[in-house]
Amino acid sequence: MDLLSAAYGATSDDEDAADPPSSVPVATGSASFAPPPLKRPRWESHQYLPPTHCFPQQPLLNTVTPLASPSSGRYVSKRERALLASSQVHVESGSPLSPVTRAEVYCAVGSINNTNLRADILHSLQCQPKPGPSTSFPLKLSVCLKGHTKAINCVDWSPSHGHLLASAGMDHKVHVWNVWDKGNTTARVLKHHTAAVKDVRWSLHRPFLLSGGLDCSLQLVDVVEGKVMKVFKDDQAVEVIKFNPSNPDLFLSGGSKGSLRLWDIRCGLVTKEFQRSLGTILDIDFSADGRQFISSTDTTRSNISENTIVVWDVSRQVPLSNQVIGV
């Protein structure tokens with residue numbers, strides 16, 4: 001035992017130089033004893049713990065955080081390897097749309113509010129119309145709106161804001177008019193299409209505009225913010241669009257190839273498609289309950305001299321009758 005105590009108690013010259021003298025007090029007396037020596041820590045070669053600032057919890061897109069590579073020759077911990085892998089996957093999987101500046105899409109000219117309308121116009125807009133056909137006719141021109149540089153294809157009144165009118169033109173633009181504003185009647189100019197805009201429709205309950213055109217796209221725009229909310233890509237030039245009156249999240253589109261498609265705004269996908277070898281779709285309209293719709297075309301592919309009107313069942317995706325109404 002004396003030999004073992006002497007062996008473990010002895011220290012080398014190297015350890016005396018490297019380790020500072022111990023400050024542990026040693027009791028003296030007959031019952032005193034020397035404390036056991038501390039165990040030497042296990043030596044680990046080049047173990048690295050990355051600093052926390054290298055790994056932000058929410059890295060930005062298109063921003064690669066500089067992390068150590070496993071091929072650098074040093075030890076890389078499991079945690080660091082996991083963070084490196086997750087960071088690479090996050091950057092590679094992100095595929096943001098090409099940035100479109102607000103000025104390229106939206107130009108705020110005037111106001112869309114009704115605070116600057118004439119008192120008689122504002123009163124008539126706030127009053128509920130009487131049921132039945134109107135017997136009064138305008139006796140003079142109310143207002144003249146000028147802004148488009150080419151032909152206008154479509155106009156549509158806002159169902160929720162009676163003083164706002166939208167127009168779509170061959171100049172690739174959609175104008176929003178504050179029709180009776182005493183200042184500037186041009187409220188918005190939207191330039192989100194790259195070709196002629198053939199149709200434009202207001203959303204039934206929100207200040208959103210849906211437009212379609214010859215660039216084979218349908219685009220939903222927030223008029224207040226001037227931002228494109230969603231883009232729906234089609235394989236044909238879009239000629240006409242219409243919202244479903246019973247479900248404002250659904251809309252119907254018809255195009256140059258004769259295809260009729262029912263779209264869902266929430267997912268941005270086609271939910272139903274209606275095919276009958278039709279020519280270019282000229283117009284569409286829903287029934288009041290949204291269960292049926294009617295379409296008109298210039299010609300059918302089977303008979304080039306026939307102008308065709310078809311009544312469709314939305315749920316079954318078929319015409320209500322095998323007979324096609326020829327006009």
# chains A, B, ... in the order shown; residues from 1 in each chain; ligands from 1
$ select_by_dssp --residues "segment 180-281 of chain A" --states "strand (DSSP E)" --output "number ranges by chain"
A: 186-190, 197-202, 208-213, 217-222, 227-233, 238-244, 247-255, 260-264, 269-274, 281
$ residues_around --residues "segment 245-255 of chain A" --least-positions-apart "2" --cutoff "7 Å" --atoms "only C-alpha atoms" --output "PyMOL selection string"
chain A and resi 203-204+236-243+257-266+280-281+288-290
$ atom_distance --atom1 "atom CA of Ser217 of chain A" --atom2 "atom CA of Gln292 of chain A"
24.4 Å
$ atom_distance --atom1 "atom CA of Val197 of chain A" --atom2 "atom CA of Lys150 of chain A"
11.0 Å
$ closest_residue --among "A:Thr297, A:Thr115, A:Ser315, A:Thr149" --to "Lys272 of chain A" --atoms "only C-alpha atoms"
A:Ser315
$ atom_distance --atom1 "atom CA of Leu139 of chain A" --atom2 "atom CA of Arg188 of chain A"
29.0 Å
$ residues_around --residues "Val189 of chain A" --least-positions-apart "4" --cutoff "10 Å" --atoms "only C-alpha atoms" --output "short mmCIF file (atom, residue, chain, number, x, y, z; two decimals) with C-alpha atoms, in the first residue's frame"
data_model
loop_
_atom_site.label_atom_id
_atom_site.label_comp_id
_atom_site.auth_asym_id
_atom_site.auth_seq_id
_atom_site.Cartn_x
_atom_site.Cartn_y
_atom_site.Cartn_z
CA VAL A 105 -48.24 46.37 -60.82
CA TYR A 106 -49.99 49.22 -59.17
CA CYS A 107 -50.34 52.95 -59.56
CA ALA A 108 -52.43 54.83 -56.99
CA VAL A 109 -53.76 57.97 -58.64
CA GLY A 110 -56.84 58.96 -56.68
CA GLY A 147 -57.69 56.93 -69.32
CA HIS A 148 -57.29 53.90 -71.57
CA ALA A 166 -63.44 48.56 -63.17
CA SER A 167 -62.51 48.48 -66.85
CA LYS A 173 -54.22 47.71 -68.14
CA VAL A 174 -57.08 47.55 -65.66
CA HIS A 175 -58.47 50.86 -64.44
CA VAL A 176 -60.45 51.36 -61.25
CA TRP A 177 -62.67 54.46 -61.39
CA VAL A 223 -57.35 46.91 -54.97
CA GLY A 226 -52.39 47.07 -54.94
#
$ residues_around --residues "segment 118-121 of chain A" --least-positions-apart "6" --cutoff "9 Å" --atoms "only C-alpha atoms" --output "ChimeraX atom specification"
/A:163,180-182
$ residues_around --residues "Lys230 of chain A" --least-positions-apart "5" --cutoff "9 Å" --atoms "only C-alpha atoms" --output "list in words"
Leu218, Gln219, Leu220, Val221, Ile265 and Gly268 of chain A
